[in-house]
Structures are given as C-alpha cells and as structure tokens.
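Peer 1: Dropping in entry-v3.txt, which is compact mmCIF, C-alpha atoms and all ligand atoms:
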# COMPACT_ATOMS: atom_id res chain seq x y z
CA MET T 1014 -8.21 21.51 4.34
CA THR T 1015 -6.43 19.70 1.57
CA VAL T 1016 -5.53 21.66 -1.52
CA VAL T 1017 -6.64 19.49 -4.43
CA HIS T 1018 -5.28 20.38 -7.85
CA PRO T 1019 -8.14 21.44 -10.14
CA ASN T 1020 -6.91 19.66 -13.28
CA LEU T 1021 -7.60 16.08 -12.20
CA ASP T 1022 -9.57 13.87 -14.56
CA GLU T 1023 -12.76 12.18 -13.36
CA THR T 1024 -12.08 8.73 -11.96
CA LYS T 1025 -14.21 6.30 -10.02
CA ALA T 1026 -13.12 5.90 -6.42
CA LYS T 1027 -12.16 2.36 -5.49
CA ILE T 1028 -11.57 3.59 -1.97
CA SER T 1029 -13.14 6.76 -0.71
CA ALA T 1030 -11.99 8.18 2.65
CA ARG T 1031 -14.01 10.97 4.24
CA ASP T 1032 -12.86 13.11 7.14
CA VAL T 1033 -10.73 10.34 8.62
CA SER T 1034 -8.96 10.97 11.91
CA VAL T 1035 -6.83 8.50 13.82
CA PHE T 1036 -5.94 8.68 17.50
CA TYR T 1037 -3.35 6.76 19.49
CA GLY T 1038 -4.82 7.17 22.95
CA ASP T 1039 -5.29 10.96 23.25
CA LYS T 1040 -2.84 11.81 20.49
CA LYS T 1041 -4.31 12.69 17.12
CA ALA T 1042 -2.03 11.24 14.46
CA ILE T 1043 -4.31 11.84 11.44
CA ASP T 1044 -6.59 14.84 11.24
CA GLY T 1045 -9.61 14.92 8.92
CA VAL T 1046 -8.17 13.30 5.79
CA SER T 1047 -10.39 12.84 2.73
CA ILE T 1048 -9.22 11.26 -0.51
CA ASP T 1049 -10.55 9.17 -3.38
CA ILE T 1050 -8.26 6.40 -4.58
CA PRO T 1051 -8.88 5.18 -8.12
CA THR T 1052 -7.79 1.91 -9.73
CA GLU T 1053 -6.37 3.67 -12.78
CA TYR T 1054 -3.43 5.30 -11.06
CA VAL T 1055 -0.72 4.52 -8.56
CA THR T 1056 -1.12 6.87 -5.61
CA ALA T 1057 1.93 7.87 -3.55
CA PHE T 1058 1.81 9.19 0.01
CA ILE T 1059 4.81 11.35 0.79
CA GLY T 1060 5.81 13.57 3.69
CA PRO T 1061 8.32 13.93 6.51
CA SER T 1062 8.88 11.22 9.08
CA GLY T 1063 6.07 10.90 11.61
CA CYS T 1064 3.49 12.85 9.56
CA GLY T 1065 1.07 9.91 9.60
CA LYS T 1066 1.48 8.29 6.15
CA SER T 1067 1.65 4.73 7.49
CA THR T 1068 -1.10 5.37 10.01
CA PHE T 1069 -3.44 6.56 7.29
CA LEU T 1070 -2.43 3.74 4.92
CA ARG T 1071 -3.28 1.21 7.63
CA THR T 1072 -6.80 2.61 8.01
CA LEU T 1073 -7.53 1.51 4.44
CA ASN T 1074 -7.65 -2.18 5.36
CA ARG T 1075 -8.25 -1.83 9.09
CA MET T 1076 -4.69 -2.79 9.95
CA ASN T 1077 -4.96 -0.27 12.81
CA ASP T 1078 -7.38 -2.71 14.47
CA THR T 1079 -4.28 -4.65 15.50
CA ILE T 1080 -2.99 -1.67 17.55
CA ALA T 1081 -4.90 -1.54 20.85
CA ALA T 1082 -4.46 2.22 21.37
CA ALA T 1083 -5.56 3.17 17.84
CA ARG T 1084 -9.02 4.60 17.17
CA VAL T 1085 -10.35 5.62 13.77
CA GLU T 1086 -13.04 8.23 13.11
CA GLY T 1087 -14.64 9.12 9.78
CA GLU T 1088 -15.67 6.94 6.90
CA ILE T 1089 -13.81 4.67 4.52
CA MET T 1090 -15.75 3.11 1.68
CA LEU T 1091 -14.55 0.30 -0.55
CA ASP T 1092 -16.72 0.26 -3.67
CA GLY T 1093 -19.30 2.22 -1.68
CA GLU T 1094 -19.27 -0.17 1.28
CA ASP T 1095 -18.26 1.10 4.73
CA ILE T 1096 -15.27 -1.04 5.79
CA TYR T 1097 -15.67 -0.05 9.46
CA ARG T 1098 -19.24 -1.31 9.79
CA SER T 1099 -19.46 -3.96 12.46
CA LYS T 1100 -20.48 -6.77 10.10
CA MET T 1101 -17.42 -6.34 7.87
CA ASP T 1102 -15.43 -9.55 7.59
CA VAL T 1103 -11.93 -8.21 8.25
CA VAL T 1104 -10.16 -11.31 6.89
CA GLN T 1105 -12.08 -10.91 3.65
CA LEU T 1106 -11.36 -7.18 3.63
CA ARG T 1107 -7.61 -7.75 3.93
CA ALA T 1108 -7.74 -10.16 0.99
CA ARG T 1109 -9.52 -7.47 -1.06
CA VAL T 1110 -7.15 -4.79 0.21
CA GLY T 1111 -3.77 -6.51 0.44
CA MET T 1112 -0.69 -5.08 2.09
CA VAL T 1113 3.04 -5.26 1.55
CA PHE T 1114 5.24 -4.11 4.42
CA GLN T 1115 8.55 -2.35 4.81
CA LYS T 1116 10.38 -5.49 5.72
CA PRO T 1117 9.63 -8.56 3.61
CA ASN T 1118 7.73 -10.97 5.86
CA PRO T 1119 7.29 -14.33 4.11
CA PHE T 1120 5.91 -17.16 6.24
CA PRO T 1121 8.57 -19.66 7.35
CA LYS T 1122 7.18 -22.11 4.84
CA SER T 1123 7.94 -23.13 1.27
CA ILE T 1124 7.72 -20.66 -1.60
CA TYR T 1125 4.70 -22.62 -2.88
CA GLU T 1126 2.94 -22.55 0.50
CA ASN T 1127 3.52 -18.82 0.93
CA VAL T 1128 1.44 -18.19 -2.19
CA ALA T 1129 -1.01 -21.12 -1.83
CA TYR T 1130 -2.02 -20.39 1.76
CA GLY T 1131 -4.42 -17.50 1.06
CA PRO T 1132 -6.25 -19.04 -1.91
CA ARG T 1133 -6.62 -22.26 0.08
CA ILE T 1134 -8.16 -20.66 3.18
CA HIS T 1135 -10.40 -18.46 1.04
CA GLY T 1136 -11.57 -21.51 -0.93
CA PHE T 1137 -10.35 -20.22 -4.28
CA ALA T 1138 -9.11 -23.57 -5.55
CA GLU T 1139 -11.15 -26.75 -5.97
CA SER T 1140 -8.23 -29.00 -6.76
CA LYS T 1141 -4.46 -29.21 -6.48
CA HIS T 1142 -4.38 -28.44 -10.18
CA ASP T 1143 -6.30 -25.17 -9.61
CA LEU T 1144 -4.01 -24.24 -6.75
CA ASP T 1145 -0.89 -24.92 -8.81
CA ALA T 1146 -2.27 -22.65 -11.52
CA ILE T 1147 -2.97 -19.82 -9.03
CA VAL T 1148 0.53 -20.15 -7.55
CA GLU T 1149 2.14 -20.04 -10.99
CA LYS T 1150 0.06 -17.09 -12.18
CA SER T 1151 0.70 -15.10 -9.00
CA LEU T 1152 4.44 -15.72 -9.10
CA GLN T 1153 4.50 -14.79 -12.77
CA ARG T 1154 2.60 -11.59 -12.13
CA ALA T 1155 5.02 -10.76 -9.32
CA GLY T 1156 7.94 -11.27 -11.70
CA LEU T 1157 9.37 -14.15 -9.66
CA TRP T 1158 8.29 -17.32 -11.48
CA ASN T 1159 11.39 -17.81 -13.61
CA GLU T 1160 13.66 -17.44 -10.59
CA VAL T 1161 11.80 -19.92 -8.37
CA LYS T 1162 9.92 -22.37 -10.60
CA ASP T 1163 12.48 -25.12 -10.03
CA ARG T 1164 12.59 -24.70 -6.26
CA LEU T 1165 9.03 -24.12 -5.13
CA SER T 1166 9.54 -26.35 -2.10
CA ASP T 1167 12.48 -24.30 -0.79
CA SER T 1168 11.77 -22.01 2.14
CA GLY T 1169 10.51 -18.52 1.27
CA THR T 1170 12.85 -17.12 3.90
CA ALA T 1171 15.88 -18.47 1.99
CA LEU T 1172 15.28 -16.06 -0.89
CA SER T 1173 17.10 -12.73 -1.23
CA GLY T 1174 15.42 -9.68 0.29
CA GLY T 1175 14.17 -8.47 -3.08
CA GLN T 1176 12.86 -11.90 -4.00
CA GLN T 1177 11.16 -12.16 -0.60
CA GLN T 1178 9.41 -8.86 -1.23
CA ARG T 1179 8.22 -10.08 -4.65
CA LEU T 1180 7.05 -13.28 -2.93
CA CYS T 1181 5.03 -11.13 -0.52
CA ILE T 1182 3.54 -9.32 -3.51
CA ALA T 1183 2.72 -12.70 -5.12
CA ARG T 1184 1.06 -13.74 -1.85
CA ALA T 1185 -1.09 -10.60 -1.91
CA ILE T 1186 -1.96 -11.10 -5.59
CA ALA T 1187 -2.92 -14.76 -5.08
CA VAL T 1188 -6.17 -13.86 -3.31
CA ASP T 1189 -7.23 -11.64 -6.19
CA PRO T 1190 -7.12 -8.27 -4.41
CA GLU T 1191 -8.68 -5.07 -5.67
CA VAL T 1192 -6.24 -2.81 -3.85
CA ILE T 1193 -2.59 -3.28 -2.88
CA LEU T 1194 -1.17 -1.08 -0.12
CA MET T 1195 2.61 -0.81 0.03
CA ASP T 1196 4.28 0.67 3.07
CA GLU T 1197 7.79 1.68 2.00
CA PRO T 1198 8.21 -1.64 0.17
CA CYS T 1199 11.78 -0.91 -0.94
CA SER T 1200 13.26 0.58 2.19
CA ALA T 1201 15.06 -2.66 3.10
CA LEU T 1202 16.21 -3.37 -0.46
CA ASP T 1203 19.29 -2.56 -2.52
CA PRO T 1204 19.00 -0.41 -5.68
CA ILE T 1205 18.72 -3.38 -8.06
CA ALA T 1206 15.98 -5.08 -6.04
CA THR T 1207 14.30 -1.68 -5.68
CA ALA T 1208 14.31 -1.20 -9.45
CA LYS T 1209 12.66 -4.61 -9.88
CA ILE T 1210 9.87 -3.72 -7.43
CA GLU T 1211 9.38 -0.41 -9.23
CA GLU T 1212 9.13 -2.23 -12.58
CA LEU T 1213 6.63 -4.58 -11.01
CA ILE T 1214 4.51 -1.69 -9.75
CA ALA T 1215 4.47 -0.33 -13.32
CA GLU T 1216 3.26 -3.69 -14.59
CA LEU T 1217 0.57 -4.06 -11.93
CA HIS T 1218 -0.59 -0.49 -12.41
CA GLY T 1219 -4.15 -0.29 -13.71
CA ARG T 1220 -5.01 -3.86 -12.72
CA TYR T 1221 -5.15 -3.05 -9.00
CA ALA T 1222 -5.52 0.23 -7.16
CA ILE T 1223 -2.03 0.69 -5.71
CA VAL T 1224 -1.10 3.00 -2.86
CA ILE T 1225 2.56 3.37 -1.92
CA VAL T 1226 4.06 5.13 1.07
CA THR T 1227 7.57 6.22 0.23
CA HIS T 1228 10.31 8.34 1.72
CA SER T 1229 11.88 8.71 -1.65
CA MET T 1230 10.56 11.54 -3.76
CA GLN T 1231 12.41 10.07 -6.75
CA GLN T 1232 10.52 6.83 -6.23
CA ALA T 1233 7.18 8.62 -5.94
CA ALA T 1234 7.98 10.47 -9.17
CA ARG T 1235 8.96 7.23 -10.94
CA VAL T 1236 6.10 4.96 -9.91
CA SER T 1237 3.05 7.10 -9.20
CA GLN T 1238 0.66 9.25 -11.18
CA ARG T 1239 -1.08 10.77 -8.15
CA THR T 1240 0.64 12.10 -5.04
CA ALA T 1241 -0.67 13.15 -1.65
CA PHE T 1242 1.63 15.20 0.58
CA PHE T 1243 1.13 14.75 4.33
CA HIS T 1244 2.39 17.03 7.08
CA LEU T 1245 1.70 16.83 10.83
CA GLY T 1246 -1.24 14.47 10.41
CA LYS T 1247 -2.94 16.46 7.68
CA MET T 1248 -3.12 15.81 3.97
CA VAL T 1249 -1.84 19.14 2.74
CA GLU T 1250 -1.98 18.74 -1.03
CA TYR T 1251 -3.12 16.17 -3.59
CA GLY T 1252 -2.69 16.17 -7.33
CA ARG T 1253 -1.02 14.65 -10.34
CA THR T 1254 2.46 13.56 -9.38
CA THR T 1255 4.06 15.74 -12.07
CA ASP T 1256 2.20 18.79 -10.76
CA ILE T 1257 3.03 18.12 -7.11
CA PHE T 1258 6.71 18.00 -8.01
CA THR T 1259 6.85 20.78 -10.58
CA ASN T 1260 4.05 23.09 -9.53
CA PRO T 1261 3.18 22.62 -5.84
CA LEU T 1262 0.50 25.05 -4.71
CA GLU T 1263 1.24 24.96 -0.97
CA GLU T 1264 4.32 26.43 0.67
CA ARG T 1265 4.77 23.36 2.90
CA THR T 1266 4.76 21.04 -0.12
CA LYS T 1267 7.27 23.27 -1.87
CA ASP T 1268 9.54 23.27 1.18
CA TYR T 1269 9.42 19.48 1.40
CA ILE T 1270 10.08 18.74 -2.23
CA THR T 1271 12.93 21.21 -2.35
CA GLY T 1272 14.47 19.44 0.63
CA ARG T 1273 14.02 22.24 3.14
CA TYR T 1274 12.84 19.71 5.75
CA GLY T 1275 12.08 16.07 5.93
N1 LIG L 1 1.50 2.18 17.50
C1 LIG L 1 1.60 3.48 17.80
N2 LIG L 1 1.31 3.91 19.03
C2 LIG L 1 1.41 5.23 19.35
N3 LIG L 1 1.77 6.20 18.48
C3 LIG L 1 2.06 5.81 17.23
C4 LIG L 1 1.98 4.44 16.81
N4 LIG L 1 2.33 4.37 15.50
C5 LIG L 1 2.60 5.63 15.11
N5 LIG L 1 2.44 6.49 16.14
C6 LIG L 1 2.62 7.97 16.09
O1 LIG L 1 1.76 8.51 15.11
C7 LIG L 1 2.43 9.51 14.36
C8 LIG L 1 2.41 9.12 12.88
O2 LIG L 1 3.25 7.99 12.70
P1 LIG L 1 3.36 7.20 11.31
O3 LIG L 1 4.25 6.03 11.54
O4 LIG L 1 2.01 6.96 10.77
O5 LIG L 1 4.07 8.30 10.43
P2 LIG L 1 4.85 8.14 9.05
O6 LIG L 1 4.61 9.38 8.31
O7 LIG L 1 4.48 6.85 8.39
O8 LIG L 1 6.34 8.08 9.57
P3 LIG L 1 7.64 7.40 8.94
O9 LIG L 1 7.81 8.04 7.61
O10 LIG L 1 8.71 7.74 9.90
O11 LIG L 1 7.35 5.92 8.85
C9 LIG L 1 3.83 9.64 14.93
O12 LIG L 1 3.82 10.70 15.86
C10 LIG L 1 4.04 8.32 15.64
O13 LIG L 1 4.90 8.45 16.74
Is it possible to give me this structure as structure tokens?
Peer 2:
Amino acid sequence: MTVVHPNLDETKAKISARDVSVFYGDKKAIDGVSIDIPTEYVTAFIGPSGCGKSTFLRTLNRMNDTIAAARVEGEIMLDGEDIYRSKMDVVQLRARVGMVFQKPNPFPKSIYENVAYGPRIHGFAESKHDLDAIVEKSLQRAGLWNEVKDRLSDSGTALSGGQQQRLCIARAIAVDPEVILMDEPCSALDPIATAKIEELIAELHGRYAIVIVTHSMQQAARVSQRTAFFHLGKMVEYGRTTDIFTNPLEERTKDYITGRYG
C-alpha cells in the first residue's frame, strides 16, 4: 500500500495507473503500483538503485513492449483510454507520451531532420513551410533555437551532450505530446548542461505532464512539485515534493532522504 499524503489538491489525471505490476520472466520488478499523474505538476520518481523507477516509467508508454521478458499487469489509462488494449496504436501512443532517455540519443542525421522526422511521419505538416515552422517552434521551446539556427543542417550528433539532450526534447515536443517521460535525463551531463535542462523543465511545466526519474534528491526538489518514493518494486509514499522531503510519513522514505541507504 502506498501512503498518499492527505493534503493534495484535486487534479485531473492525465495518466492513471491502477495496480500495475511488472515481471521480467518470473521476477516481479513492480508490485501493485497505483498513481494519478496530472498535467499541472512535474512528478518525480525517486528511490534507491534497482527499485523499479525506470521499469514503471516505461510502462507509461509501453516501452516495456520492447523487452521480450517483460510482462505488465494492471491498468494504465491515458485520458481514460486503456493504453494496453490490443487496438492501441503504439507509435501514436509514443508520440502522445514522449520519452527522453538517460543518454542523449539523437538520430545520426541533421539537427533539422532530428526534429522534422516525427511530424513528417505523423503527417503534421502539409508543406515545407509548415515543417520549418514546427522545427523552429520545437527548438525554441527546447531552448536550443538560438544555438543552432544557423547550422540546422549539421549533424545532431556533433552537438554537445547537453545540446543533444535538448535536441531530444525538441524531437519529443515536435509531435505535440501530452506527456513527457524523462529517465534520468541529466545523468550524462555536466552541471551547467544539467541546470539548462532543469530550467527547461520549469518552462515546460504545466504545458505537458512531465514525469522525471532522478537519482538526485536535490534535482527532484528543484524541478518537481509531486514526488513518488519507490522501494523494492513498491511505491511507498506519494505527496507534494516539499512534504516528501520535509515531512515524510514512512520510515523507509525518511531513511532514504536522510541518506541512510541508496
Ligand atoms: N531488461 C531487464 N531484464 C531483466 N530484469 C530487469 C530488466 N530491467 C530491469 N530489470 C530488473 O528490474 C529491477 C528494477 O530495475 P529498474 O532499472 O527499473 O530500477 P531503477 O530503480 O530504475 O534502477 P536505477 O536507479 O539503478 O536505474 C532490477 O532488479 C533490475 O535488475
């Protein structure tokens, strides 16, 4: 059972997970997790290594489908629609629920093409002019436009790590997502690039539902308004980020945030 802080305001769930368990073969990596994720707030998943944060994050856009041994039980609704129903178009789902990974993974193509690819295959642009506008808007929103506007035909892989990560965020934004999942998006970045991604999260906050997995409690405290603490495959505690860090209700949460393990 998850301890949910009683002082949470009413929000509409963009994603609603109910009693979700995930197995890798016979091993249960996530055990009966339920959570509502609103658009209004950035939600952080924290917890010690191996507790299942990434596994659970990946259930939210069926990224676990790509792992042969993984099996998901329970229900995950996106705007009230079951994302695991057989008729779900998974390509469409992953445009609606975008993902940014630990290691920046731009395509080995130009900066322009990295951003234009998604809108093009999803038929978002009727003309080159439309596509140019989407690319510019996405790069602006990702805080990268000024740095790359004069070299859009350069390879995305030639950018710095931090710029590559912002390019990956621009690529996710370009297909007009409703949710952005971030799996330790700063773990490969230096402090300056990390600060830029954190600023970007603050700017995107409210426009998209954002979920971030982070190892850094300082980062969770800086960027999120809601925090879920995971331990051994269970979601132990969920509440306002300030309360999780200043007034944890569960002993295991307290131990983790005071650095007793992790
Ligand atoms: N592809 C996989 N196949 C088998 N087991 C896996 C796989 N991915 C993760 N696991 C196991 O599932 C459990 C949860 O792992 P997961 O990566 O979700 O945890 P995490 O909290 O994100 O960890 P970290 O903070 O170290 O990234 C771990 O025991 C891990 O070994």
Peer 1: What are the closest atom pairs, with distances in Å to one decimal, for all residues of range 1196-1253 of chain T lying within 8 Å of range 1261-1267 of chain T? Consider all atoms listed in the file, order rows by chain and residue number, and present the result as a Markdown table.
Peer 2:
| residue | atom | partner | partner_atom | distance |
| --- | --- | --- | --- | --- |
| T:Phe1242 | CA | T:Thr1266 | CA | 6.7 |
| T:His1244 | CA | T:Arg1265 | CA | 8.0 |
| T:Val1249 | CA | T:Thr1266 | CA | 7.4 |
| T:Glu1250 | CA | T:Glu1263 | CA | 7.0 |
Peer 1: For atom O6 of ligand LIG 1 (chain L) and CA of Arg1109 in chain T, determine how far apart the two atoms are, in Å to one decimal place.
Peer 2: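 A separation of 23.9 Å between them.
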Peer 1: Let me make sure I understand: among T:Arg1184, T:Asp1095, T:Ser1168, T:Ser1123, which one has the smallest atom-to-atom distance to Gln1153 in chain T if we use only C-alpha atoms?
Peer 2: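 For Gln1153 in chain T, the nearest of the given residues is T:Arg1184.
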Peer 1: List all protein, DNA and RNA residues that have at least one atom no more than 9 Å from any atom of ligand LIG 1 (chain L), counting all atoms listed in the file, and write them as a tab-separated table (two decimals) with C-alpha atoms, keeping the file's coordinate frame.
Peer 2:
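Okay, this is what ended up in part35.tsv:
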chain	number	residue	atom	x	y	z
T	1035	VAL	CA	-6.83	8.50	13.82
T	1036	PHE	CA	-5.94	8.68	17.50
T	1037	TYR	CA	-3.35	6.76	19.49
T	1038	GLY	CA	-4.82	7.17	22.95
T	1040	LYS	CA	-2.84	11.81	20.49
T	1041	LYS	CA	-4.31	12.69	17.12
T	1042	ALA	CA	-2.03	11.24	14.46
T	1043	ILE	CA	-4.31	11.84	11.44
T	1058	PHE	CA	1.81	9.19	0.01
T	1059	ILE	CA	4.81	11.35	0.79
T	1060	GLY	CA	5.81	13.57	3.69
T	1061	PRO	CA	8.32	13.93	6.51
T	1062	SER	CA	8.88	11.22	9.08
T	1063	GLY	CA	6.07	10.90	11.61
T	1064	CYS	CA	3.49	12.85	9.56
T	1065	GLY	CA	1.07	9.91	9.60
T	1066	LYS	CA	1.48	8.29	6.15
T	1067	SER	CA	1.65	4.73	7.49
T	1068	THR	CA	-1.10	5.37	10.01
T	1069	PHE	CA	-3.44	6.56	7.29
T	1070	LEU	CA	-2.43	3.74	4.92
T	1071	ARG	CA	-3.28	1.21	7.63
T	1077	ASN	CA	-4.96	-0.27	12.81
T	1080	ILE	CA	-2.99	-1.67	17.55
T	1081	ALA	CA	-4.90	-1.54	20.85
T	1082	ALA	CA	-4.46	2.22	21.37
T	1083	ALA	CA	-5.56	3.17	17.84
T	1196	ASP	CA	4.28	0.67	3.07
T	1197	GLU	CA	7.79	1.68	2.00
T	1226	VAL	CA	4.06	5.13	1.07
T	1227	THR	CA	7.57	6.22	0.23
T	1228	HIS	CA	10.31	8.34	1.72
T	1243	PHE	CA	1.13	14.75	4.33
T	1244	HIS	CA	2.39	17.03	7.08
T	1245	LEU	CA	1.70	16.83	10.83
T	1246	GLY	CA	-1.24	14.47	10.41
Peer 1: I'd like to know which of T:Pro1121, T:Tyr1269, T:Val1148, T:Ser1140 is closest to Asp1189 in chain T, using all atoms listed in the file.
Peer 2: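 Distance minimum relative to Asp1189 in chain T lands on T:Val1148.
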Peer 1: Since the input is missing atoms, can you rebuild N, CA and C atoms for range 1148-1184 of chain T and write them as an mmCIF file, keeping the file's coordinate frame?
Peer 2:
data_model
loop_
_atom_site.group_PDB
_atom_site.id
_atom_site.type_symbol
_atom_site.label_atom_id
_atom_site.label_comp_id
_atom_site.auth_asym_id
_atom_site.auth_seq_id
_atom_site.Cartn_x
_atom_site.Cartn_y
_atom_site.Cartn_z
ATOM 1 N N VAL T 1148 -0.833 -20.423 -8.037
ATOM 2 C CA VAL T 1148 0.530 -20.150 -7.550
ATOM 3 C C VAL T 1148 1.407 -19.695 -8.719
ATOM 4 N N GLU T 1149 1.303 -20.408 -9.837
ATOM 5 C CA GLU T 1149 2.140 -20.040 -10.990
ATOM 6 C C GLU T 1149 1.777 -18.646 -11.504
ATOM 7 N N LYS T 1150 0.488 -18.391 -11.640
ATOM 8 C CA LYS T 1150 0.060 -17.090 -12.180
ATOM 9 C C LYS T 1150 0.498 -15.941 -11.254
ATOM 10 N N SER T 1151 0.354 -16.162 -9.959
ATOM 11 C CA SER T 1151 0.700 -15.100 -9.000
ATOM 12 C C SER T 1151 2.201 -14.823 -9.014
ATOM 13 N N LEU T 1152 2.985 -15.899 -9.073
ATOM 14 C CA LEU T 1152 4.440 -15.720 -9.100
ATOM 15 C C LEU T 1152 4.875 -15.077 -10.416
ATOM 16 N N GLN T 1153 4.169 -15.430 -11.487
ATOM 17 C CA GLN T 1153 4.500 -14.790 -12.770
ATOM 18 C C GLN T 1153 4.189 -13.304 -12.712
ATOM 19 N N ARG T 1154 3.001 -12.995 -12.195
ATOM 20 C CA ARG T 1154 2.600 -11.590 -12.130
ATOM 21 C C ARG T 1154 3.546 -10.788 -11.232
ATOM 22 N N ALA T 1155 4.099 -11.450 -10.226
ATOM 23 C CA ALA T 1155 5.020 -10.760 -9.320
ATOM 24 C C ALA T 1155 6.452 -10.776 -9.850
ATOM 25 N N GLY T 1156 6.623 -11.292 -11.068
ATOM 26 C CA GLY T 1156 7.940 -11.270 -11.700
ATOM 27 C C GLY T 1156 8.953 -12.190 -11.033
ATOM 28 N N LEU T 1157 8.467 -13.284 -10.414
ATOM 29 C CA LEU T 1157 9.370 -14.150 -9.660
ATOM 30 C C LEU T 1157 9.417 -15.571 -10.200
ATOM 31 N N TRP T 1158 8.459 -15.921 -11.055
ATOM 32 C CA TRP T 1158 8.290 -17.320 -11.480
ATOM 33 C C TRP T 1158 9.577 -17.922 -12.033
ATOM 34 N N ASN T 1159 10.204 -17.226 -12.964
ATOM 35 C CA ASN T 1159 11.390 -17.810 -13.610
ATOM 36 C C ASN T 1159 12.512 -18.077 -12.613
ATOM 37 N N GLU T 1160 12.577 -17.260 -11.567
ATOM 38 C CA GLU T 1160 13.660 -17.440 -10.590
ATOM 39 C C GLU T 1160 13.372 -18.570 -9.599
ATOM 40 N N VAL T 1161 12.109 -18.941 -9.441
ATOM 41 C CA VAL T 1161 11.800 -19.920 -8.370
ATOM 42 C C VAL T 1161 11.102 -21.187 -8.861
ATOM 43 N N LYS T 1162 10.775 -21.263 -10.153
ATOM 44 C CA LYS T 1162 9.920 -22.370 -10.600
ATOM 45 C C LYS T 1162 10.528 -23.754 -10.354
ATOM 46 N N ASP T 1163 11.851 -23.814 -10.267
ATOM 47 C CA ASP T 1163 12.480 -25.120 -10.030
ATOM 48 C C ASP T 1163 12.763 -25.386 -8.555
ATOM 49 N N ARG T 1164 12.339 -24.480 -7.706
ATOM 50 C CA ARG T 1164 12.590 -24.700 -6.260
ATOM 51 C C ARG T 1164 11.423 -24.224 -5.409
ATOM 52 N N LEU T 1165 10.240 -24.595 -5.839
ATOM 53 C CA LEU T 1165 9.030 -24.120 -5.130
ATOM 54 C C LEU T 1165 8.932 -24.673 -3.715
ATOM 55 N N SER T 1166 9.635 -25.783 -3.458
ATOM 56 C CA SER T 1166 9.540 -26.350 -2.100
ATOM 57 C C SER T 1166 10.610 -25.793 -1.167
ATOM 58 N N ASP T 1167 11.499 -24.951 -1.675
ATOM 59 C CA ASP T 1167 12.480 -24.300 -0.790
ATOM 60 C C ASP T 1167 11.762 -23.286 0.109
ATOM 61 N N SER T 1168 12.390 -22.959 1.221
ATOM 62 C CA SER T 1168 11.770 -22.010 2.140
ATOM 63 C C SER T 1168 11.735 -20.592 1.542
ATOM 64 N N GLY T 1169 10.629 -19.910 1.745
ATOM 65 C CA GLY T 1169 10.510 -18.520 1.270
ATOM 66 C C GLY T 1169 11.539 -17.621 1.931
ATOM 67 N N THR T 1170 11.916 -17.973 3.157
ATOM 68 C CA THR T 1170 12.850 -17.120 3.900
ATOM 69 C C THR T 1170 14.289 -17.271 3.385
ATOM 70 N N ALA T 1171 14.528 -18.275 2.523
ATOM 71 C CA ALA T 1171 15.880 -18.470 1.990
ATOM 72 C C ALA T 1171 16.136 -17.595 0.755
ATOM 73 N N LEU T 1172 15.108 -16.923 0.279
ATOM 74 C CA LEU T 1172 15.280 -16.060 -0.890
ATOM 75 C C LEU T 1172 15.995 -14.768 -0.503
ATOM 76 N N SER T 1173 16.498 -14.045 -1.513
ATOM 77 C CA SER T 1173 17.100 -12.730 -1.230
ATOM 78 C C SER T 1173 15.998 -11.770 -0.783
ATOM 79 N N GLY T 1174 16.401 -10.656 -0.202
ATOM 80 C CA GLY T 1174 15.420 -9.680 0.290
ATOM 81 C C GLY T 1174 14.451 -9.221 -0.802
ATOM 82 N N GLY T 1175 15.001 -8.937 -1.972
ATOM 83 C CA GLY T 1175 14.170 -8.470 -3.080
ATOM 84 C C GLY T 1175 13.209 -9.546 -3.552
ATOM 85 N N GLN T 1176 13.732 -10.791 -3.605
ATOM 86 C CA GLN T 1176 12.860 -11.900 -4.000
ATOM 87 C C GLN T 1176 11.775 -12.128 -2.939
ATOM 88 N N GLN T 1177 12.156 -11.996 -1.676
ATOM 89 C CA GLN T 1177 11.160 -12.160 -0.600
ATOM 90 C C GLN T 1177 10.046 -11.121 -0.746
ATOM 91 N N GLN T 1178 10.437 -9.897 -1.095
ATOM 92 C CA GLN T 1178 9.410 -8.860 -1.230
ATOM 93 C C GLN T 1178 8.502 -9.183 -2.415
ATOM 94 N N ARG T 1179 9.074 -9.695 -3.508
ATOM 95 C CA ARG T 1179 8.220 -10.080 -4.650
ATOM 96 C C ARG T 1179 7.356 -11.279 -4.279
ATOM 97 N N LEU T 1180 7.882 -12.157 -3.411
ATOM 98 C CA LEU T 1180 7.050 -13.280 -2.930
ATOM 99 C C LEU T 1180 5.860 -12.746 -2.123
ATOM 100 N N CYS T 1181 6.119 -11.730 -1.310
ATOM 101 C CA CYS T 1181 5.030 -11.130 -0.520
ATOM 102 C C CYS T 1181 3.991 -10.471 -1.441
ATOM 103 N N ILE T 1182 4.472 -9.902 -2.536
ATOM 104 C CA ILE T 1182 3.540 -9.320 -3.510
ATOM 105 C C ILE T 1182 2.741 -10.444 -4.183
ATOM 106 N N ALA T 1183 3.423 -11.549 -4.528
ATOM 107 C CA ALA T 1183 2.720 -12.700 -5.120
ATOM 108 C C ALA T 1183 1.667 -13.227 -4.145
ATOM 109 N N ARG T 1184 1.998 -13.253 -2.879
ATOM 110 C CA ARG T 1184 1.060 -13.740 -1.850
ATOM 111 C C ARG T 1184 -0.171 -12.841 -1.790
#
